[in-house]
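Student: Below you'll find query.txt; it's compact mmCIF, C-alpha atoms.
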# COMPACT_ATOMS: atom_id res chain seq x y z
CA MET L 1 86.12 110.89 116.96
CA ASP L 2 83.41 108.26 117.30
CA GLN L 3 83.83 105.32 119.62
CA VAL L 4 82.79 101.75 118.93
CA PRO L 5 80.78 100.17 121.79
CA ILE L 6 81.71 96.74 123.16
CA LEU L 7 78.96 94.50 124.56
CA LYS L 8 79.50 91.42 126.71
CA ILE L 9 77.09 88.57 126.09
CA GLY L 10 77.95 85.47 128.10
CA GLN L 11 81.62 84.67 127.50
CA THR L 12 81.74 86.67 124.29
CA LEU L 13 82.53 90.31 123.58
CA PHE L 14 80.41 91.64 120.77
CA VAL L 15 81.53 94.59 118.68
CA SER L 16 79.33 95.96 115.91
CA ILE L 17 81.01 98.63 113.84
CA GLN L 18 78.34 101.10 112.74
CA ILE L 19 80.44 104.16 112.00
CA ASP L 20 82.66 105.25 109.14
CA LEU L 21 85.95 104.12 110.64
CA GLN L 22 88.79 106.53 110.89
CA ASP L 23 92.24 105.38 111.92
CA GLU L 24 92.04 106.78 115.46
CA SER L 25 88.71 105.01 116.10
CA VAL L 26 90.23 101.69 115.07
CA MET L 27 93.20 102.17 117.35
CA GLN L 28 90.89 103.18 120.19
CA LEU L 29 88.84 100.03 119.63
CA GLN L 30 92.00 97.95 119.86
CA GLU L 31 92.84 99.48 123.25
CA ASP L 32 89.26 99.31 124.57
CA LEU L 33 88.93 95.69 123.52
CA SER L 34 92.21 94.68 125.21
CA ALA L 35 91.10 96.36 128.45
CA GLU L 36 87.69 94.69 128.21
CA LEU L 37 89.23 91.24 127.61
CA VAL L 38 91.31 91.60 130.75
CA ALA L 39 88.38 92.94 132.80
CA THR L 40 85.86 90.29 131.70
CA ALA L 41 88.08 87.26 130.94
CA ALA L 42 85.90 86.70 127.87
CA SER L 43 86.87 83.73 125.70
CA GLY L 44 85.71 85.08 122.37
CA VAL L 45 85.33 88.26 120.35
CA ILE L 46 82.87 88.79 117.53
CA ILE L 47 83.41 91.81 115.31
CA ASP L 48 80.45 92.52 113.09
CA ILE L 49 81.39 94.51 109.97
CA THR L 50 78.02 94.24 108.20
CA ALA L 51 77.78 98.03 108.07
CA VAL L 52 81.40 98.61 107.05
CA GLU L 53 81.59 99.82 103.45
CA ILE L 54 85.34 99.56 102.99
CA VAL L 55 88.25 97.80 104.66
CA ASP L 56 91.53 99.27 103.52
CA SER L 57 95.02 98.04 104.41
CA PHE L 58 95.12 99.97 107.69
CA ILE L 59 91.72 98.81 108.93
CA GLY L 60 92.48 95.28 107.74
CA ARG L 61 95.78 95.21 109.56
CA MET L 62 94.12 96.48 112.73
CA LEU L 63 91.47 93.74 112.55
CA ALA L 64 94.24 91.16 112.22
CA THR L 65 96.09 92.79 115.13
CA ILE L 66 92.98 92.61 117.30
CA GLY L 67 92.91 88.87 116.53
CA SER L 68 96.53 88.48 117.63
CA ILE L 69 96.06 90.53 120.79
CA SER L 70 92.93 88.60 121.75
CA ARG L 71 94.83 85.34 121.44
CA LEU L 72 97.31 86.60 124.03
CA PHE L 73 94.33 86.88 126.37
CA ASP L 74 93.18 83.36 125.44
CA ALA L 75 90.27 84.61 123.37
CA GLU L 76 89.45 83.87 119.75
CA THR L 77 88.28 86.54 117.30
CA VAL L 78 85.73 86.01 114.56
CA ILE L 79 84.98 88.68 111.97
CA VAL L 80 81.42 88.38 110.72
CA GLY L 81 79.23 89.98 108.08
CA MET L 82 81.82 91.00 105.51
CA ARG L 83 80.14 92.44 102.41
CA PRO L 84 80.92 90.69 99.11
CA ALA L 85 82.34 93.90 97.60
CA VAL L 86 84.62 94.30 100.62
CA ALA L 87 85.85 90.70 100.31
CA ILE L 88 86.62 91.14 96.61
CA THR L 89 88.43 94.43 97.23
CA LEU L 90 90.45 93.08 100.17
CA THR L 91 91.66 90.15 98.10
CA GLU L 92 92.63 92.34 95.18
CA LEU L 93 94.39 94.73 97.55
CA GLY L 94 96.50 91.75 98.59
CA LEU L 95 95.38 91.57 102.18
CA SER L 96 94.79 88.26 103.89
CA LEU L 97 93.35 88.56 107.36
CA ASN L 98 95.76 86.07 108.87
CA GLY L 99 95.08 85.18 112.46
CA VAL L 100 91.39 85.93 112.48
CA ARG L 101 88.57 83.61 111.62
CA THR L 102 85.58 84.73 109.62
CA ALA L 103 81.97 83.65 109.55
CA LEU L 104 79.04 84.67 107.37
CA ASN L 105 77.02 86.19 110.19
CA ALA L 106 76.94 86.70 113.95
CA GLU L 107 74.99 83.49 114.56
CA LYS L 108 77.54 81.35 112.71
CA GLY L 109 80.35 83.27 114.41
CA LEU L 110 78.93 82.48 117.81
CA ALA L 111 78.51 78.82 116.87
CA LEU L 112 82.18 78.78 115.82
CA LEU L 113 83.26 80.18 119.19
CA ASN L 114 81.01 77.85 121.17
CA GLY L 115 82.39 74.85 119.31
CA ARG L 116 85.87 75.72 120.50
CA THR L 117 87.39 73.01 122.68
CA MET X 1 85.48 119.28 90.26
CA ASP X 2 85.62 119.34 94.04
CA GLU X 3 88.68 120.00 96.11
CA LEU X 4 88.90 118.63 99.63
CA PRO X 5 91.56 119.25 102.26
CA ILE X 6 93.40 116.32 103.85
CA GLN X 7 94.70 117.46 107.20
CA SER X 8 93.21 114.95 109.66
CA GLY X 9 91.73 111.49 110.01
CA ASP X 10 88.27 113.04 109.77
CA ASP X 11 89.25 114.56 106.43
CA VAL X 12 90.20 111.09 105.15
CA VAL X 13 86.70 109.87 106.08
CA ARG X 14 85.16 112.87 104.29
CA VAL X 15 87.21 112.15 101.15
CA ARG X 16 85.96 108.55 101.22
CA GLN X 17 82.33 109.67 101.52
CA HIS X 18 82.76 112.19 98.72
CA VAL X 19 84.36 109.60 96.42
CA ARG X 20 81.60 107.13 97.27
CA ASN X 21 78.94 109.66 96.16
CA ALA X 22 80.80 110.54 92.96
CA ALA X 23 81.32 106.84 92.14
CA ALA X 24 77.63 106.07 92.68
CA SER X 25 76.58 109.07 90.53
CA SER X 26 78.91 107.94 87.75
CA GLY X 27 77.18 104.59 87.55
CA LEU X 28 80.05 102.46 88.85
CA SER X 29 78.98 99.03 90.11
CA LEU X 30 78.97 98.40 93.85
CA VAL X 31 82.22 96.41 93.63
CA ASP X 32 83.89 99.13 91.54
CA GLN X 33 82.65 101.81 93.95
CA THR X 34 84.13 99.85 96.84
CA LYS X 35 87.44 99.41 95.02
CA LEU X 36 87.68 103.11 94.20
CA VAL X 37 86.75 104.22 97.73
CA THR X 38 89.30 101.79 99.18
CA ALA X 39 92.01 103.14 96.85
CA ALA X 40 91.00 106.69 97.81
CA SER X 41 91.33 105.77 101.48
CA GLU X 42 94.85 104.41 100.96
CA LEU X 43 95.97 107.41 98.92
CA ALA X 44 94.38 109.98 101.23
CA ARG X 45 96.12 108.35 104.19
CA ASN X 46 99.44 108.51 102.32
CA THR X 47 98.85 112.20 101.66
CA LEU X 48 98.16 112.76 105.35
CA ILE X 49 100.88 110.60 106.90
CA HIS X 50 103.73 110.66 104.38
CA GLY X 51 102.97 113.95 102.67
CA GLY X 52 102.19 115.89 105.82
CA GLY X 53 98.71 116.75 104.50
CA GLY X 54 97.51 118.03 101.16
CA VAL X 55 94.43 118.07 98.97
CA ALA X 56 92.23 115.62 97.10
CA ARG X 57 90.40 116.54 93.91
CA VAL X 58 87.39 114.52 92.82
CA GLU X 59 86.16 114.84 89.25
CA MET X 60 83.52 113.05 87.23
CA VAL X 61 84.86 112.35 83.74
CA LYS X 62 83.76 110.91 80.39
CA SER X 63 85.97 108.80 78.15
CA ALA X 64 86.27 109.25 74.37
CA ASN X 65 83.95 106.30 73.85
CA GLY X 66 81.32 107.70 76.22
CA ARG X 67 82.02 105.74 79.38
CA SER X 68 81.64 107.64 82.62
CA GLY X 69 84.16 107.47 85.39
CA VAL X 70 85.71 109.16 88.38
CA LYS X 71 89.13 110.76 88.42
CA LEU X 72 90.89 111.39 91.72
CA HIS X 73 93.94 113.50 92.27
CA PHE X 74 95.98 113.57 95.47
CA ALA X 75 98.64 116.21 95.96
CA ASP X 76 100.98 116.99 98.80
CA GLU X 77 104.08 119.08 99.26
CA GLY X 78 105.79 116.61 101.54
CA PRO X 79 109.26 115.04 101.28
CA GLY X 80 108.38 113.13 98.09
CA ILE X 81 109.41 109.62 97.08
CA ALA X 82 113.03 108.94 96.10
CA ASP X 83 112.40 105.66 94.27
CA VAL X 84 108.90 105.52 92.81
CA ASN X 85 109.33 102.01 91.40
CA LEU X 86 110.41 100.69 94.77
CA ALA X 87 107.49 102.44 96.48
CA LEU X 88 105.10 100.67 94.11
CA THR X 89 106.44 97.23 95.00
CA ASP X 90 104.17 94.93 97.00
CA GLY X 91 105.39 94.65 100.54
CA TRP X 92 107.87 97.51 100.43
CA THR X 93 107.16 99.86 103.29
CA SER X 94 108.65 103.10 104.51
CA GLY X 95 107.23 102.61 107.97
CA THR X 96 105.31 100.14 110.02
CA GLY X 97 102.61 99.36 107.47
CA LEU X 98 102.17 96.34 105.25
CA GLY X 99 103.44 98.04 102.12
CA LEU X 100 100.18 97.41 100.27
CA GLY X 101 98.81 100.96 100.16
CA LEU X 102 100.31 102.20 96.90
CA SER X 103 100.76 98.89 95.09
CA GLY X 104 97.35 97.68 96.23
CA SER X 105 95.51 100.83 95.26
CA ARG X 106 97.08 100.65 91.80
CA ARG X 107 95.44 97.23 91.35
CA LEU X 108 92.06 98.61 92.40
CA VAL X 109 91.81 101.30 89.71
CA ASP X 110 91.94 101.40 85.89
CA GLU X 111 94.49 104.18 85.50
CA PHE X 112 97.23 105.12 87.92
CA GLU X 113 99.86 107.79 87.60
CA LEU X 114 102.35 108.79 90.26
CA THR X 115 104.86 111.60 90.00
CA SER X 116 107.19 112.51 92.79
CA GLU X 117 110.59 113.94 93.43
CA PRO X 118 112.47 114.18 96.69
CA GLY X 119 111.65 117.54 98.25
CA ALA X 120 109.00 118.36 95.68
CA GLY X 121 105.96 116.51 97.01
CA THR X 122 103.91 113.72 95.49
CA ASN X 123 101.04 113.71 92.99
CA VAL X 124 98.87 110.70 92.35
CA THR X 125 96.09 110.57 89.77
CA VAL X 126 93.78 107.59 89.42
CA VAL X 127 90.73 106.87 87.26
CA LYS X 128 88.04 104.22 87.57
CA TRP X 129 85.68 103.71 84.61
CA SER X 130 82.19 102.30 84.64
CA ARG X 131 81.86 98.98 82.78
Please rewrite the model in this file as structure tokens.

Tutor:
Amino acid sequence: MDQVPILKIGQTLFVSIQIDLQDESVMQLQEDLSAELVATAASGVIIDITAVEIVDSFIGRMLATIGSISRLFDAETVIVGMRPAVAITLTELGLSLNGVRTALNAEKGLALLNGRT
Amino acid sequence: MDELPIQSGDDVVRVRQHVRNAAASSGLSLVDQTKLVTAASELARNTLIHGGGGVARVEMVKSANGRSGVKLHFADEGPGIADVNLALTDGWTSGTGLGLGLSGSRRLVDEFELTSEPGAGTNVTVVKWSR
């Protein structure tokens, strides 16, 4: 099983998903990210899914869960870089990523987090 | 036609990759490829989790009017589904999920057929045609 690395840049944790996600990897990421939020007291999480070819209901639910967990640690999650085909498919699947914010790219995601009052 | 085992999370990823290749070779658009691969992911996970494992068959097909497409078949010998109509309802879930796997994947494909009986496993066949 491949692991997704988590980088800390300033007050933000940056996660770029570059692998073909299997369910166990997503659950591992959820645990790793929670531990990292506690260890670093980061105030924001950016998850870059530019390289992710599909988001199915399981992966989508896990992304939303990561958003909810982060909020318990006083951090906000922004999903960035969703491909157009993924957005269309997610909507047709009936999945709304409630609880997470989205931005077009990492730069806009960071601006969103920095604008947080 | 290719037959792939579904016995682990890694197998689900392999099924997705295989379906992606078949969909691209069949000339499906990027959005249609993504829809089919997403449906395949949902159905392969069902086979693994609810069916206790099984097989996926991936086939490139041609319609009577010459359109190319991809046909996927998922089969398991698990406990089966008692009420197929209920299982296909948005939001109905047998476990902790969102209940979008089956109903959602039906929306993502052009043809969808599910047969199941309690104790006799579940078979799902889907087709996505190129436009």

Student: Would you kindly report the residues of chain L within 8 Å of chain X, using only C-alpha atoms, as a VMD selection string?

Tutor: chain L and resid 1 20 to 24 53 to 58 61 85 to 86 88 to 89 92 to 95

Student: From the options X:Thr47, X:Ser68, X:Thr89, X:Thr115, which residue's atoms come nearest to Val127 in chain X, counting all atoms listed in the file?

Tutor: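 Ranked by minimum distance to Val127 in chain X, first place goes to X:Ser68.
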
Student: Quick one: pull the distance between CA of Val55 in chain X and CA of Ala75 in chain X, Å, one decimal.

Tutor: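 CA of Ala75 in chain X lies at a distance of 5.5 Å from CA of Val55 in chain X.
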
Student: Quick one: axis-aligned box around all listed atoms of range 86-93 of chain X, 5 Å on every side, centre and edge lengths in Å to one decimal, written as AutoDock Vina command-line options.

Tutor:
--center_x 107.3 --center_y 98.5 --center_z 98.7 --size_x 16.2 --size_y 17.8 --size_z 19.2

Student: Which of these residues is nearest to Ile49 in chain X, using only C-alpha atoms: X:Val84, X:Ser26, X:Gln7, X:Val70?

Tutor: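 Nearest candidate to Ile49 in chain X out of X:Val84, X:Ser26, X:Gln7, X:Val70: X:Gln7.
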
Student: Taking 6 positions as the minimum chain separation for residues in the same chain, which residues sit within 10 Å of range 69-73 of chain L when counting all atoms listed in the file? Answer as a PyMOL selection string.

Tutor: chain L and resi 30-31+33-34+37-38+41-45+63+99-100

Student: Could the residues in this selection be written to a file with C-alpha atoms, as a tab-separated table (two decimals), in the coordinates of the input?

Tutor:
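result12.tsv, written as the output of this step:
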chain	number	residue	atom	x	y	z
L	30	GLN	CA	92.00	97.95	119.86
L	31	GLU	CA	92.84	99.48	123.25
L	33	LEU	CA	88.93	95.69	123.52
L	34	SER	CA	92.21	94.68	125.21
L	37	LEU	CA	89.23	91.24	127.61
L	38	VAL	CA	91.31	91.60	130.75
L	41	ALA	CA	88.08	87.26	130.94
L	42	ALA	CA	85.90	86.70	127.87
L	43	SER	CA	86.87	83.73	125.70
L	44	GLY	CA	85.71	85.08	122.37
L	45	VAL	CA	85.33	88.26	120.35
L	63	LEU	CA	91.47	93.74	112.55
L	99	GLY	CA	95.08	85.18	112.46
L	100	VAL	CA	91.39	85.93	112.48

Student: Can you pull out every residue within 10 Å of Asn123 in chain X, counting only C-alpha atoms, but drop anything in the same chain fewer than 3 positions away, and send it as a list in words?

Tutor: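 My reading of the contact set: Thr47, Gly51, Gly54, Val55, Ala56, His73, Phe74, Ala75, Asp76, Glu77, Gly80, Glu113, Leu114, Thr115, Ser116, Glu117 and Ala120 of chain X.
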
Student: Which residues come within 10 Å of Ser68 in chain L, counting all atoms listed in the file, excluding same-chain residues fewer than 6 positions away, as a ChimeraX atom specification?

Tutor: /L:62,74-77,98-100

Student: Work out how far CA of Asp48 in chain L is from CA of Leu90 in chain L, in Å to one decimal.

Tutor: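 Rounded to one decimal, the two atoms are 16.3 Å apart.
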
Student: What gap, in Å, lies between CA of Val80 in chain L and CA of Ile46 in chain L?

Tutor: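 Going from CA of Val80 in chain L over to CA of Ile46 in chain L covers 7.0 Å.
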
Student: Could you check which of X:Gly119, X:Gly78, X:Gly52, X:Gly66 is closest to Arg131 in chain X, using all atoms listed in the file?

Tutor: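 Selected residue with least distance to Arg131 in chain X: X:Gly66.
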
Student: Can you list, as a PyMOL selection string, every protein, DNA or RNA residue that comes within 12 Å of Glu107 in chain L when you count only C-alpha atoms, leaving out same-chain residues fewer than 5 positions away?

Tutor: chain L and resi 14+46-48+78-81+102+112-114

Student: Just the residues within 8 Å of Asp2 in chain X, please, counting only C-alpha atoms, with nothing from its chain fewer than 2 positions along; format it as an mmCIF file with C-alpha atoms, keeping the file's coordinate frame.

Tutor:
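out-v4.cif, written as the output of this step:
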data_model
loop_
_atom_site.group_PDB
_atom_site.id
_atom_site.type_symbol
_atom_site.label_atom_id
_atom_site.label_comp_id
_atom_site.auth_asym_id
_atom_site.auth_seq_id
_atom_site.Cartn_x
_atom_site.Cartn_y
_atom_site.Cartn_z
ATOM 1 C CA LEU X 4 88.900 118.630 99.630
ATOM 2 C CA ARG X 57 90.400 116.540 93.910
ATOM 3 C CA VAL X 58 87.390 114.520 92.820
ATOM 4 C CA GLU X 59 86.160 114.840 89.250
#

Student: Missing atoms in range 41-77 of chain L need filling: write out N, CA and C atoms for it as an mmCIF file, in the frame of the given file.

Tutor:
data_model
loop_
_atom_site.group_PDB
_atom_site.id
_atom_site.type_symbol
_atom_site.label_atom_id
_atom_site.label_comp_id
_atom_site.auth_asym_id
_atom_site.auth_seq_id
_atom_site.Cartn_x
_atom_site.Cartn_y
_atom_site.Cartn_z
ATOM 1 N N ALA L 41 87.578 88.614 131.214
ATOM 2 C CA ALA L 41 88.080 87.260 130.940
ATOM 3 C C ALA L 41 87.205 86.544 129.905
ATOM 4 N N ALA L 42 86.718 87.299 128.929
ATOM 5 C CA ALA L 42 85.900 86.700 127.870
ATOM 6 C C ALA L 42 86.753 85.726 127.051
ATOM 7 N N SER L 43 86.099 84.720 126.450
ATOM 8 C CA SER L 43 86.870 83.730 125.700
ATOM 9 C C SER L 43 86.727 83.918 124.188
ATOM 10 N N GLY L 44 85.869 84.862 123.797
ATOM 11 C CA GLY L 44 85.710 85.080 122.370
ATOM 12 C C GLY L 44 85.340 86.516 122.042
ATOM 13 N N VAL L 45 85.667 86.919 120.819
ATOM 14 C CA VAL L 45 85.330 88.260 120.350
ATOM 15 C C VAL L 45 84.664 88.129 118.990
ATOM 16 N N ILE L 46 83.513 88.755 118.840
ATOM 17 C CA ILE L 46 82.870 88.790 117.530
ATOM 18 C C ILE L 46 82.860 90.235 117.045
ATOM 19 N N ILE L 47 83.430 90.458 115.870
ATOM 20 C CA ILE L 47 83.410 91.810 115.310
ATOM 21 C C ILE L 47 82.515 91.787 114.075
ATOM 22 N N ASP L 48 81.422 92.497 114.173
ATOM 23 C CA ASP L 48 80.450 92.520 113.090
ATOM 24 C C ASP L 48 80.732 93.710 112.170
ATOM 25 N N ILE L 49 81.065 93.420 110.901
ATOM 26 C CA ILE L 49 81.390 94.510 109.970
ATOM 27 C C ILE L 49 80.345 94.616 108.850
ATOM 28 N N THR L 50 79.121 94.171 109.163
ATOM 29 C CA THR L 50 78.020 94.240 108.200
ATOM 30 C C THR L 50 77.858 95.652 107.627
ATOM 31 N N ALA L 51 78.025 96.654 108.498
ATOM 32 C CA ALA L 51 77.780 98.030 108.070
ATOM 33 C C ALA L 51 79.027 98.712 107.518
ATOM 34 N N VAL L 52 80.142 97.983 107.490
ATOM 35 C CA VAL L 52 81.400 98.610 107.050
ATOM 36 C C VAL L 52 81.503 98.562 105.525
ATOM 37 N N GLU L 53 81.598 99.737 104.914
ATOM 38 C CA GLU L 53 81.590 99.820 103.450
ATOM 39 C C GLU L 53 82.944 99.544 102.825
ATOM 40 N N ILE L 54 84.016 99.898 103.527
ATOM 41 C CA ILE L 54 85.340 99.560 102.990
ATOM 42 C C ILE L 54 86.270 99.106 104.117
ATOM 43 N N VAL L 55 87.151 98.178 103.774
ATOM 44 C CA VAL L 55 88.250 97.800 104.660
ATOM 45 C C VAL L 55 89.519 98.027 103.858
ATOM 46 N N ASP L 56 90.278 99.033 104.237
ATOM 47 C CA ASP L 56 91.530 99.270 103.520
ATOM 48 C C ASP L 56 92.669 98.595 104.272
ATOM 49 N N SER L 57 93.921 98.803 103.827
ATOM 50 C CA SER L 57 95.020 98.040 104.410
ATOM 51 C C SER L 57 95.201 98.353 105.892
ATOM 52 N N PHE L 58 94.941 99.603 106.284
ATOM 53 C CA PHE L 58 95.120 99.970 107.690
ATOM 54 C C PHE L 58 94.072 99.287 108.564
ATOM 55 N N ILE L 59 92.811 99.412 108.154
ATOM 56 C CA ILE L 59 91.720 98.810 108.930
ATOM 57 C C ILE L 59 91.891 97.292 108.967
ATOM 58 N N GLY L 60 92.269 96.721 107.817
ATOM 59 C CA GLY L 60 92.480 95.280 107.740
ATOM 60 C C GLY L 60 93.573 94.813 108.675
ATOM 61 N N ARG L 61 94.662 95.577 108.698
ATOM 62 C CA ARG L 61 95.780 95.210 109.560
ATOM 63 C C ARG L 61 95.366 95.298 111.026
ATOM 64 N N MET L 62 94.564 96.328 111.345
ATOM 65 C CA MET L 62 94.120 96.480 112.730
ATOM 66 C C MET L 62 93.194 95.348 113.156
ATOM 67 N N LEU L 63 92.348 94.876 112.230
ATOM 68 C CA LEU L 63 91.470 93.740 112.550
ATOM 69 C C LEU L 63 92.314 92.505 112.834
ATOM 70 N N ALA L 64 93.353 92.306 112.007
ATOM 71 C CA ALA L 64 94.240 91.160 112.220
ATOM 72 C C ALA L 64 94.982 91.307 113.546
ATOM 73 N N THR L 65 95.383 92.544 113.869
ATOM 74 C CA THR L 65 96.090 92.790 115.130
ATOM 75 C C THR L 65 95.197 92.493 116.329
ATOM 76 N N ILE L 66 93.931 92.890 116.208
ATOM 77 C CA ILE L 66 92.980 92.610 117.300
ATOM 78 C C ILE L 66 92.898 91.101 117.526
ATOM 79 N N GLY L 67 92.917 90.332 116.421
ATOM 80 C CA GLY L 67 92.910 88.870 116.530
ATOM 81 C C GLY L 67 94.123 88.357 117.289
ATOM 82 N N SER L 68 95.292 88.922 116.972
ATOM 83 C CA SER L 68 96.530 88.480 117.630
ATOM 84 C C SER L 68 96.543 88.860 119.102
ATOM 85 N N ILE L 69 96.085 90.074 119.392
ATOM 86 C CA ILE L 69 96.060 90.530 120.790
ATOM 87 C C ILE L 69 95.104 89.654 121.604
ATOM 88 N N SER L 70 93.921 89.403 121.032
ATOM 89 C CA SER L 70 92.930 88.600 121.750
ATOM 90 C C SER L 70 93.502 87.240 122.121
ATOM 91 N N ARG L 71 94.282 86.667 121.180
ATOM 92 C CA ARG L 71 94.830 85.340 121.440
ATOM 93 C C ARG L 71 95.748 85.359 122.654
ATOM 94 N N LEU L 72 96.438 86.480 122.856
ATOM 95 C CA LEU L 72 97.310 86.600 124.030
ATOM 96 C C LEU L 72 96.492 86.588 125.321
ATOM 97 N N PHE L 73 95.218 86.929 125.210
ATOM 98 C CA PHE L 73 94.330 86.880 126.370
ATOM 99 C C PHE L 73 93.442 85.626 126.314
ATOM 100 N N ASP L 74 93.881 84.624 125.553
ATOM 101 C CA ASP L 74 93.180 83.360 125.440
ATOM 102 C C ASP L 74 91.756 83.528 124.902
ATOM 103 N N ALA L 75 91.585 84.429 123.986
ATOM 104 C CA ALA L 75 90.270 84.610 123.370
ATOM 105 C C ALA L 75 90.428 84.516 121.850
ATOM 106 N N GLU L 76 89.412 83.996 121.205
ATOM 107 C CA GLU L 76 89.450 83.870 119.750
ATOM 108 C C GLU L 76 88.565 84.935 119.099
ATOM 109 N N THR L 77 89.033 85.482 117.968
ATOM 110 C CA THR L 77 88.280 86.540 117.300
ATOM 111 C C THR L 77 87.657 86.019 116.015
#
